[in-house]
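Here's the structure we're looking at; comments come further down.
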Amino acid sequence: MDIEQRQSELIDHFVKQASAVSNAPSLASVIVEATSNPLLFAFSEILALPNVLQLEATDNSVYLDLLRLFAHGIWSDYKSNSDRLPQLTPDQILKLKQLTVLTLAETYKVLPYDQLMQELDVTNVRELEDFLINECMYAGIVRGKLDQLRRCFEVQFAAGRDLRPGQLGNMIQTLSNWLSTSENMLVSIQDKIKWADAMSEIDKKHRKDVEEKVEEVKKSLFKADIDFRGHEEICSESGGVMDYEEDRSRPKRRRHPIS
């Protein structure tokens with residue numbers, strides 16, 4: 001099962017579970033379970049539920065903040081606000097660090113080891129590489145190459161995270177700009193194709209004209225050659241008659257008898 005299908009099934013499960021409860025403590029329990037699940041990395045559908053948003057005005061509002069952290073935040077965000085958030089379980093800590101790698105991988109294609117160790121509170125390269133391999137690449141959330149010589153992680157793929165508030169508008173604008181650029185490029189390509197087709201037709205016509213002229217010249221040369229050969233034969237035959245007649249007109253020499 002691929003990561004997208006797995007995510008979709010887990011999201012449906014927790015959305016139904018959260019929708020089925022109405023009291024704040026039960027919702028808080030669902031949020032803790034969802035953010036601790038080792039296979040779930042998207043939370044916006046749960047966050048959008050009306051009864052979940054109603055936690056804002058209750059004593060359990062910190063669990064709504066916790067869900068927002070897992071939807072959009074990273075490990076350093078938790079450290080900065082740990083006094084106002086519930087204490088994380090080991091599974092939640094691991095999950096938030098995985099999400100931190102996802103966020104960095106979405107932004108940069110080359111992640112220096114020093115930056116990753118600082119963001120993840122990792123003390124050495126071996127520990128970092130083990131985390132990237134075992135907890136990120138094997139989990140299917142990122143793919144890439146570990147470059148020990150350059151001390152960096154080259155990102156080849158990163159699963160998308162939940163969109164932050166306001167991010168959708170920017171994404172739509174970016175896609176609209178890309179679409180406009182693509183359409184302009186397509187028009188330019190089509191114009192070049194039309195020009196190439198027109199030049200091809202002109203070239204074909206030119207070749208045809210040249211071939212026709214060559215044929216005409218060949219025919220003219222052939223006809224001229226025939227006429228020349230005919231004239232040469234006539235002249236040769238006339239010369240032969242004249243020589244014969246001239247030979248007949250000469251007086252014969254008498255032969256004197258031998259005494």
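Here, A, B, ... name the chains of the structure tokens in the order displayed, residue numbers run from 1 inside each chain, and ligands are numbered from 1 in the same displayed order.
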*asked:* To test your reading of the structure, identify every residue in segment 11-258 of chain A that backbone DSSP assigns to strand (DSSP E), and report it as JSON, numbers by chain.
replied: {"A": [110, 111, 112, 142, 143, 144, 145, 146, 147, 152, 153, 154, 155, 156, 157, 158]}
Residue selection dump (all heavy atoms) as a short mmCIF file (atom, residue, chain, number, x, y, z; two decimals), in the first residue's frame:
data_model
loop_
_atom_site.label_atom_id
_atom_site.label_comp_id
_atom_site.auth_asym_id
_atom_site.auth_seq_id
_atom_site.Cartn_x
_atom_site.Cartn_y
_atom_site.Cartn_z
N VAL A 110 18.78 20.50 -1.06
CA VAL A 110 20.00 20.02 -0.42
C VAL A 110 19.98 20.49 1.03
O VAL A 110 19.93 21.69 1.30
CB VAL A 110 21.26 20.55 -1.13
CG1 VAL A 110 22.52 20.09 -0.40
CG2 VAL A 110 21.30 20.09 -2.59
N LEU A 111 20.02 19.53 1.96
CA LEU A 111 19.94 19.85 3.39
C LEU A 111 21.27 19.54 4.05
O LEU A 111 21.67 18.36 4.17
CB LEU A 111 18.83 19.02 4.05
CG LEU A 111 17.42 19.17 3.46
CD1 LEU A 111 16.46 18.24 4.18
CD2 LEU A 111 16.95 20.61 3.54
N PRO A 112 22.01 20.56 4.50
CA PRO A 112 23.29 20.32 5.18
C PRO A 112 23.10 19.55 6.48
O PRO A 112 22.12 19.75 7.19
CB PRO A 112 23.81 21.74 5.43
CG PRO A 112 23.08 22.62 4.46
CD PRO A 112 21.72 21.99 4.30
N VAL A 142 10.21 10.65 2.66
CA VAL A 142 11.21 11.31 1.83
C VAL A 142 12.06 10.27 1.12
O VAL A 142 12.16 9.12 1.56
CB VAL A 142 12.15 12.25 2.65
CG1 VAL A 142 11.39 13.39 3.28
CG2 VAL A 142 12.93 11.46 3.68
N ARG A 143 12.65 10.68 0.01
CA ARG A 143 13.67 9.87 -0.65
C ARG A 143 14.83 10.79 -1.00
O ARG A 143 14.62 11.98 -1.28
CB ARG A 143 13.13 9.24 -1.94
CG ARG A 143 12.16 8.12 -1.73
CD ARG A 143 11.97 7.30 -2.99
NE ARG A 143 11.48 8.10 -4.09
CZ ARG A 143 10.20 8.30 -4.37
NH1 ARG A 143 9.27 7.74 -3.61
NH2 ARG A 143 9.84 9.04 -5.39
N GLY A 144 16.04 10.24 -0.94
CA GLY A 144 17.18 11.08 -1.26
C GLY A 144 18.49 10.33 -1.14
O GLY A 144 18.52 9.11 -0.97
N LYS A 145 19.56 11.08 -1.20
CA LYS A 145 20.91 10.52 -1.16
C LYS A 145 21.70 11.15 -0.03
O LYS A 145 21.74 12.38 0.11
CB LYS A 145 21.61 10.78 -2.50
CG LYS A 145 23.06 10.31 -2.54
CD LYS A 145 23.70 10.68 -3.87
CE LYS A 145 25.17 10.31 -3.89
NZ LYS A 145 25.82 10.74 -5.15
N LEU A 146 22.32 10.30 0.78
CA LEU A 146 23.19 10.77 1.85
C LEU A 146 24.60 10.97 1.29
O LEU A 146 25.22 10.01 0.83
CB LEU A 146 23.22 9.76 2.99
CG LEU A 146 21.87 9.45 3.67
CD1 LEU A 146 22.04 8.33 4.67
CD2 LEU A 146 21.30 10.69 4.33
N ASP A 147 25.06 12.19 1.32
CA ASP A 147 26.39 12.50 0.80
C ASP A 147 27.32 12.79 1.99
O ASP A 147 27.34 13.90 2.52
CB ASP A 147 26.32 13.72 -0.14
CG ASP A 147 27.61 13.93 -0.91
OD1 ASP A 147 28.68 13.55 -0.41
OD2 ASP A 147 27.55 14.50 -2.02
N CYS A 152 25.74 16.31 3.51
CA CYS A 152 24.42 16.84 3.20
C CYS A 152 23.49 15.71 2.75
O CYS A 152 23.94 14.62 2.41
CB CYS A 152 24.49 17.92 2.12
SG CYS A 152 25.01 17.31 0.50
N PHE A 153 22.19 16.01 2.78
CA PHE A 153 21.16 15.08 2.30
C PHE A 153 20.53 15.70 1.07
O PHE A 153 19.94 16.78 1.12
CB PHE A 153 20.11 14.86 3.40
CG PHE A 153 18.96 13.99 2.96
CD1 PHE A 153 19.18 12.69 2.55
CD2 PHE A 153 17.67 14.47 2.99
CE1 PHE A 153 18.13 11.89 2.15
CE2 PHE A 153 16.60 13.68 2.61
CZ PHE A 153 16.83 12.38 2.19
N GLU A 154 20.68 15.01 -0.08
CA GLU A 154 20.12 15.50 -1.34
C GLU A 154 18.70 14.96 -1.50
O GLU A 154 18.50 13.76 -1.64
CB GLU A 154 20.99 15.07 -2.51
CG GLU A 154 22.40 15.65 -2.46
CD GLU A 154 23.26 15.18 -3.62
OE1 GLU A 154 22.74 14.42 -4.48
OE2 GLU A 154 24.44 15.57 -3.68
N VAL A 155 17.71 15.85 -1.49
CA VAL A 155 16.30 15.45 -1.53
C VAL A 155 15.88 15.12 -2.96
O VAL A 155 16.09 15.91 -3.87
CB VAL A 155 15.41 16.57 -0.96
CG1 VAL A 155 13.93 16.14 -1.01
CG2 VAL A 155 15.83 16.93 0.45
N GLN A 156 15.27 13.94 -3.12
CA GLN A 156 14.72 13.55 -4.42
C GLN A 156 13.19 13.55 -4.40
O GLN A 156 12.55 13.74 -5.43
CB GLN A 156 15.24 12.17 -4.81
CG GLN A 156 16.75 12.12 -4.98
CD GLN A 156 17.27 10.70 -5.16
OE1 GLN A 156 16.56 9.74 -4.91
NE2 GLN A 156 18.52 10.57 -5.59
N PHE A 157 12.61 13.35 -3.21
CA PHE A 157 11.15 13.34 -3.06
C PHE A 157 10.81 13.66 -1.62
O PHE A 157 11.52 13.24 -0.71
CB PHE A 157 10.57 11.97 -3.43
CG PHE A 157 9.18 11.75 -2.90
CD1 PHE A 157 8.08 12.26 -3.57
CD2 PHE A 157 8.98 11.04 -1.72
CE1 PHE A 157 6.79 12.05 -3.07
CE2 PHE A 157 7.71 10.83 -1.22
CZ PHE A 157 6.61 11.35 -1.90
N ALA A 158 9.73 14.41 -1.44
CA ALA A 158 9.21 14.69 -0.11
C ALA A 158 7.69 14.72 -0.16
O ALA A 158 7.11 15.39 -1.02
CB ALA A 158 9.74 16.03 0.42
#
I need the alpha helix (DSSP H) residues of segment 88-178 of chain A per DSSP on the backbone, written as a ChimeraX atom specification. /A:90-107,113-120,125-131,167-178
Pairwise distance, atom CA of Met137 of chain A with atom CA of Ala71 of chain A, equals 20.1 Å
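Each of A:Phe228, A:Trp195, A:Tyr108, A:Tyr63 was compared to Gln87 of chain A using only C-alpha atoms, and A:Tyr63 turns out to be the nearest.
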With distances taken over only C-alpha atoms, the candidate from A:Ala105, A:Arg151, A:Gly73, A:Arg161 nearest Arg126 of chain A is A:Arg151
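Candidate residues A:Met185, A:Ile141, A:Val101, A:Val62 were compared for distance to Leu128 of chain A, and the nearest is A:Val101, using only C-alpha atoms.
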> If we count only C-alpha atoms, what is near segment 113-120 of chain A at a cut-off of 12 Å, once residues fewer than 4 positions away on the same chain are taken out, given as a ChimeraX atom specification?
Replying inline: /A:74-79,93-105,108,124-132,146-154
Limited to C-alpha atoms, could you put the picked residues into a file as a PDB file, in the first residue's frame?
ATOM      1  CA  ILE A  74       8.219  21.787  13.478  1.00  0.00           C
ATOM      2  CA  TRP A  75      10.275  20.597  16.439  1.00  0.00           C
ATOM      3  CA  SER A  76      11.729  24.040  17.188  1.00  0.00           C
ATOM      4  CA  ASP A  77       8.176  25.471  17.402  1.00  0.00           C
ATOM      5  CA  TYR A  78       7.370  22.998  20.149  1.00  0.00           C
ATOM      6  CA  LYS A  79      10.538  23.818  22.065  1.00  0.00           C
ATOM      7  CA  ILE A  93       8.441  13.617  19.507  1.00  0.00           C
ATOM      8  CA  LEU A  94       9.499  11.227  16.752  1.00  0.00           C
ATOM      9  CA  LYS A  95       6.542  12.289  14.604  1.00  0.00           C
ATOM     10  CA  LEU A  96       7.266  16.001  15.018  1.00  0.00           C
ATOM     11  CA  LYS A  97      10.908  15.491  14.072  1.00  0.00           C
ATOM     12  CA  GLN A  98       9.825  13.557  10.980  1.00  0.00           C
ATOM     13  CA  LEU A  99       7.528  16.444  10.064  1.00  0.00           C
ATOM     14  CA  THR A 100      10.453  18.812  10.581  1.00  0.00           C
ATOM     15  CA  VAL A 101      12.450  16.924   7.941  1.00  0.00           C
ATOM     16  CA  LEU A 102       9.434  17.066   5.632  1.00  0.00           C
ATOM     17  CA  THR A 103       9.163  20.839   5.997  1.00  0.00           C
ATOM     18  CA  LEU A 104      12.867  21.337   5.275  1.00  0.00           C
ATOM     19  CA  ALA A 105      12.737  18.924   2.327  1.00  0.00           C
ATOM     20  CA  TYR A 108      15.347  22.956   0.057  1.00  0.00           C
ATOM     21  CA  ASN A 124      26.424  13.361  15.631  1.00  0.00           C
ATOM     22  CA  VAL A 125      26.336  12.387  11.956  1.00  0.00           C
ATOM     23  CA  ARG A 126      25.802   8.668  12.595  1.00  0.00           C
ATOM     24  CA  GLU A 127      22.680   9.368  14.630  1.00  0.00           C
ATOM     25  CA  LEU A 128      21.412  11.774  11.986  1.00  0.00           C
ATOM     26  CA  GLU A 129      21.931   9.348   9.108  1.00  0.00           C
ATOM     27  CA  ASP A 130      20.250   6.546  11.054  1.00  0.00           C
ATOM     28  CA  PHE A 131      17.263   8.825  11.651  1.00  0.00           C
ATOM     29  CA  LEU A 132      17.019   9.840   7.984  1.00  0.00           C
ATOM     30  CA  LEU A 146      23.189  10.770   1.849  1.00  0.00           C
ATOM     31  CA  ASP A 147      26.395  12.505   0.801  1.00  0.00           C
ATOM     32  CA  GLN A 148      28.940  11.932   3.554  1.00  0.00           C
ATOM     33  CA  LEU A 149      31.692  13.702   1.648  1.00  0.00           C
ATOM     34  CA  ARG A 150      29.706  16.937   1.320  1.00  0.00           C
ATOM     35  CA  ARG A 151      27.884  16.333   4.625  1.00  0.00           C
ATOM     36  CA  CYS A 152      24.419  16.841   3.203  1.00  0.00           C
ATOM     37  CA  PHE A 153      21.159  15.085   2.300  1.00  0.00           C
ATOM     38  CA  GLU A 154      20.119  15.503  -1.338  1.00  0.00           C
TER      39      GLU A 154
END
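By only C-alpha atoms, and with residues fewer than 5 positions from Asp65 of chain A along its chain excluded, the set lying at most 12 Å from it is Ala28, Ile31, Val32, Thr35, Leu47, Val52, Leu53, Gln54, Leu55, Glu56, Ala57, Thr58, Asp59, Asn60, Phe70, Ala71, His72, Gly73, Asp77, Tyr78, Asn81, Ser82, Arg84, Leu85 and Pro86 of chain A.
Within 8 Å of Asp162 of chain A, once only C-alpha atoms are used and residues closer than 2 positions along the same chain are dropped, the contacting residues are Ala42, Phe43, Ser44, Ala71, His72, Gly160 and Arg164 of chain A.
Taking atom CA of Ser80 of chain A and atom CA of Leu39 of chain A as the two end points, the separation is 25.6 Å.
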